[in-house]
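Single-structure report; data block below.
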Amino acid sequence: MAYSILHPGGAKVIEAYENALALANGKLDLCRQSLRDFGNMSAVSVLFVLAEHLKCFPLNSGKYGLISALGPGFCAENLLVRF
């Protein structure tokens with residue numbers, strides 16, 4: 001996957017994503033920035049990361065990515081996207 005747009009639920013959540021997906025250093029900088037700027041806003045947090053991603057990277061790359069959100073209790077939503 002070329003990019004990962006992930007729920008910034010907390011430092012441990014971000015670290016778990018990095019370990020589980022074997023992501024390189026820096027791949028979740030936008031996720032960390034969103035957590036720092038806005039905190040954990042439940043599942044909607046991932047939309048803030050998506051908005052920042054769309055500002056920084058072109059839409060017409062045709063590359064695959066993962067969008068993943070976590071909600072209250074244990075609720076997980078995952079999307080494989082290409083744009």
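We name chains A, B, ... following the order of the structure tokens; residues begin at 1 in each chain, and ligands are numbered from 1 as shown.
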### Query
What residues in chain A get the DSSP label helix (DSSP H, G or I)? Please answer as number ranges by chain.
A: 11-21, 29-38, 42-56
### Message
For the structure I just gave you, how does DSSP split chain A - specifically, which residues are strand (DSSP E or B)? Reply as a PyMOL selection string.
### Response
chain A and resi 3-6+64-71+75-82
Keeping only C-alpha atoms, write the selected residues to a file as a compact mmCIF listing (two decimals), in the first residue's frame.
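Result file result.txt:
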# COMPACT_ATOMS: atom_id res chain seq x y z
CA TYR A 3 -0.38 5.23 2.01
CA SER A 4 -2.14 4.63 5.31
CA ILE A 5 -4.78 7.00 6.65
CA LEU A 6 -5.36 5.73 10.17
CA TYR A 64 -3.82 1.79 -3.21
CA GLY A 65 -4.09 2.79 0.43
CA LEU A 66 -5.76 1.87 3.68
CA ILE A 67 -8.23 4.00 5.61
CA SER A 68 -8.91 2.65 9.09
CA ALA A 69 -11.08 4.03 11.91
CA LEU A 70 -11.79 2.82 15.43
CA GLY A 71 -14.91 3.62 17.42
CA CYS A 75 -15.70 -0.98 16.46
CA ALA A 76 -13.31 -1.05 13.52
CA GLU A 77 -13.93 0.17 9.99
CA ASN A 78 -11.38 -0.48 7.25
CA LEU A 79 -11.37 0.56 3.61
CA LEU A 80 -9.02 -0.36 0.82
CA VAL A 81 -9.07 2.65 -1.50
CA ARG A 82 -7.42 3.79 -4.70
### Query
Can you tell me, as a VMD selection string, what residues are no more than 9 Å from His7 (chain A) when counting only C-alpha atoms, ignoring any on the same chain fewer than 4 positions away?
chain A and resid 13 to 14 31 35 40 42 to 47 49 67 to 70
### Message
Rounded to one decimal, what separation in Å do you get between CA of Asp29 (chain A) and CA of Met41 (chain A)?
### Response
17.5 Å
### Message
Please determine, counting only C-alpha atoms, which residue among A:Asp37, A:Met1, A:Leu21, A:Pro8 has the shortest atom-to-atom distance to Leu50 (chain A).
### Response
A:Pro8
#### Entry: Glu15 (chain A) surroundings by only C-alpha atoms, 12 Å radius, close-in-sequence under 3 positions cut, as a list in words
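Everything that qualifies: Leu6, His7, Pro8, Gly9, Gly10, Ala11, Lys12, Glu18, Asn19, Ala20, Leu21, Ala22, Leu23, Ala24, Asn25, Gly26, Lys27, Leu28, Asp29, Cys31 and Arg32 of chain A.
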